[in-house]
Amino acid sequence: MTATERAVELAVVAARAASDRKAEEIIALDVSEQLVLTDVFLIASGSSERQVSAIVDAVEEAMFKAGAKPIRREGKQEARWVLLDFGDVVVHVQHAEDRVYYALERLWKDCPVVALPEDARGGDGSADDADDTTRGDGAIRLSGEPLA
């Protein structure tokens, strides 16, 4: 079983909204084989609590326009790790320091990466940035981790 078309579509909507707010290292993982509760995890980073909050606001607005309402939202007040549950898609917006510490990509490394369009990858949206997030063995790497 793979993520539904709707889940992938919503993940792209959320990723574009996050990218518009200069989120970094945006990645979508198809967790449908591992979890029954959701199809896609979207993970994005912000460099400050203010940016994390702005990314969350943009994602919520874009998802609302796409017809998705959040089932649950946690962590908004602290703005270090905000979880937005839209049912088919769960969005994790983390402060860059917390992202490195918790390393969600490593926890879910067995899940396939969902391809995101260039304008939804974060950073400057270049293909080079997207290629930098995976190692030759297909594992996801965090910024600053050497390519092996």
# chains A, B, ... in the order shown; residues from 1 in each chain; ligands from 1
$ residues_around --residues "stretch 41-53 of chain A" --least-positions-apart "5" --cutoff "7 Å" --atoms "only C-alpha atoms" --output "number ranges by chain"
A: 11, 23-31, 76, 79-80, 89-96, 99
$ select_by_dssp --residues "stretch 4-123 of chain A" --states "strand (DSSP E)" --output "PyMOL selection string"
chain A and resi 24-30+40-46+72-74+81-85+89-95+113-114
$ residues_around --residues "stretch 68-71 of chain A" --least-positions-apart "3" --cutoff "7 Å" --atoms "only C-alpha atoms" --output "list in words"
Met63, Phe64, Leu84, Asp85, Phe86 and Gly87 of chain A
$ closest_residue --among "A:Glu118, A:Ala66, A:Cys111, A:Gln77" --to "A:Val13" --atoms "only C-alpha atoms"
A:Ala66
$ atom_distance --atom1 "atom CA of A:Val40" --atom2 "atom CA of A:Val56"
16.8 Å
$ select_by_dssp --residues "stretch 78-123 of chain A" --states "alpha helix (DSSP H)" --output "CSV table (one decimal) with all heavy atoms, in the first residue's frame"
chain,number,residue,atom,x,y,z
A,96,ALA,N,15.4,24.1,13.8
A,96,ALA,CA,16.5,23.3,13.2
A,96,ALA,C,17.3,22.5,14.2
A,96,ALA,O,17.7,21.4,13.9
A,96,ALA,CB,17.4,24.3,12.4
A,97,GLU,N,17.5,23.1,15.4
A,97,GLU,CA,18.3,22.4,16.4
A,97,GLU,C,17.5,21.1,16.9
A,97,GLU,O,18.1,20.1,17.1
A,97,GLU,CB,18.5,23.3,17.6
A,97,GLU,CG,19.4,24.5,17.4
A,97,GLU,CD,19.4,25.5,18.5
A,97,GLU,OE1,18.7,25.3,19.5
A,97,GLU,OE2,20.1,26.5,18.4
A,98,ASP,N,16.2,21.2,17.0
A,98,ASP,CA,15.4,20.1,17.5
A,98,ASP,C,15.3,19.0,16.4
A,98,ASP,O,15.3,17.8,16.7
A,98,ASP,CB,14.0,20.5,17.8
A,98,ASP,CG,14.0,21.4,19.1
A,98,ASP,OD1,15.0,21.5,19.8
A,98,ASP,OD2,12.9,21.9,19.4
A,99,ARG,N,15.4,19.5,15.1
A,99,ARG,CA,15.3,18.5,14.0
A,99,ARG,C,16.6,17.6,14.0
A,99,ARG,O,16.5,16.4,13.8
A,99,ARG,CB,15.2,19.3,12.7
A,99,ARG,CG,15.2,18.3,11.5
A,99,ARG,CD,14.3,18.7,10.5
A,99,ARG,NE,14.3,17.8,9.3
A,99,ARG,CZ,13.9,18.2,8.1
A,99,ARG,NH1,13.5,19.5,7.9
A,99,ARG,NH2,13.9,17.4,7.2
A,100,VAL,N,17.7,18.2,14.3
A,100,VAL,CA,18.9,17.5,14.3
A,100,VAL,C,18.9,16.5,15.5
A,100,VAL,O,19.2,15.3,15.4
A,100,VAL,CB,20.2,18.4,14.4
A,100,VAL,CG1,21.4,17.6,14.7
A,100,VAL,CG2,20.3,19.2,13.1
A,101,TYR,N,18.4,17.0,16.7
A,101,TYR,CA,18.4,16.2,17.9
A,101,TYR,C,17.5,15.0,17.7
A,101,TYR,O,17.8,13.9,18.1
A,101,TYR,CB,18.0,17.1,19.1
A,101,TYR,CG,18.0,16.3,20.4
A,101,TYR,CD1,19.1,16.1,21.1
A,101,TYR,CD2,16.8,15.9,20.9
A,101,TYR,CE1,19.1,15.4,22.3
A,101,TYR,CE2,16.7,15.2,22.1
A,101,TYR,CZ,17.9,14.9,22.8
A,101,TYR,OH,17.9,14.2,24.0
A,102,TYR,N,16.2,15.2,17.3
A,102,TYR,CA,15.2,14.1,17.2
A,102,TYR,C,15.4,13.3,16.0
A,102,TYR,O,14.9,12.1,16.0
A,102,TYR,CB,13.8,14.7,17.3
A,102,TYR,CG,13.5,15.2,18.7
A,102,TYR,CD1,13.5,16.6,19.0
A,102,TYR,CD2,13.3,14.4,19.8
A,102,TYR,CE1,13.3,17.1,20.3
A,102,TYR,CE2,13.1,14.8,21.1
A,102,TYR,CZ,13.1,16.2,21.3
A,102,TYR,OH,12.8,16.7,22.6
A,104,LEU,N,13.9,12.7,13.0
A,104,LEU,CA,12.8,11.9,12.5
A,104,LEU,C,13.1,11.2,11.2
A,104,LEU,O,12.6,10.1,11.0
A,104,LEU,CB,11.6,12.9,12.2
A,104,LEU,CG,10.9,13.4,13.5
A,104,LEU,CD1,9.7,14.3,13.0
A,104,LEU,CD2,10.4,12.3,14.4
A,105,GLU,N,13.9,11.8,10.4
A,105,GLU,CA,14.3,11.1,9.1
A,105,GLU,C,14.9,9.7,9.4
A,105,GLU,O,14.7,8.8,8.7
A,105,GLU,CB,15.2,11.9,8.2
A,105,GLU,CG,14.6,13.1,7.7
A,105,GLU,CD,14.8,14.4,8.5
A,105,GLU,OE1,15.0,14.2,9.8
A,105,GLU,OE2,14.7,15.5,8.0
A,106,ARG,N,15.7,9.7,10.4
A,106,ARG,CA,16.4,8.4,10.8
A,106,ARG,C,15.4,7.4,11.4
A,106,ARG,O,15.5,6.2,11.1
A,106,ARG,CB,17.6,8.7,11.7
A,106,ARG,CG,18.7,9.4,11.1
A,106,ARG,CD,20.0,9.2,11.9
A,106,ARG,NE,21.0,10.0,11.2
A,106,ARG,CZ,21.8,10.9,11.7
A,106,ARG,NH1,21.6,11.2,13.0
A,106,ARG,NH2,22.7,11.5,11.0
A,107,LEU,N,14.5,7.9,12.2
A,107,LEU,CA,13.5,7.0,12.7
A,107,LEU,C,12.6,6.4,11.6
A,107,LEU,O,12.2,5.2,11.8
A,107,LEU,CB,12.6,7.8,13.7
A,107,LEU,CG,13.2,8.2,15.0
A,107,LEU,CD1,12.2,9.1,15.8
A,107,LEU,CD2,13.6,7.0,15.8
$ atom_distance --atom1 "atom CA of A:Lys109" --atom2 "atom CA of A:Glu33"
12.5 Å
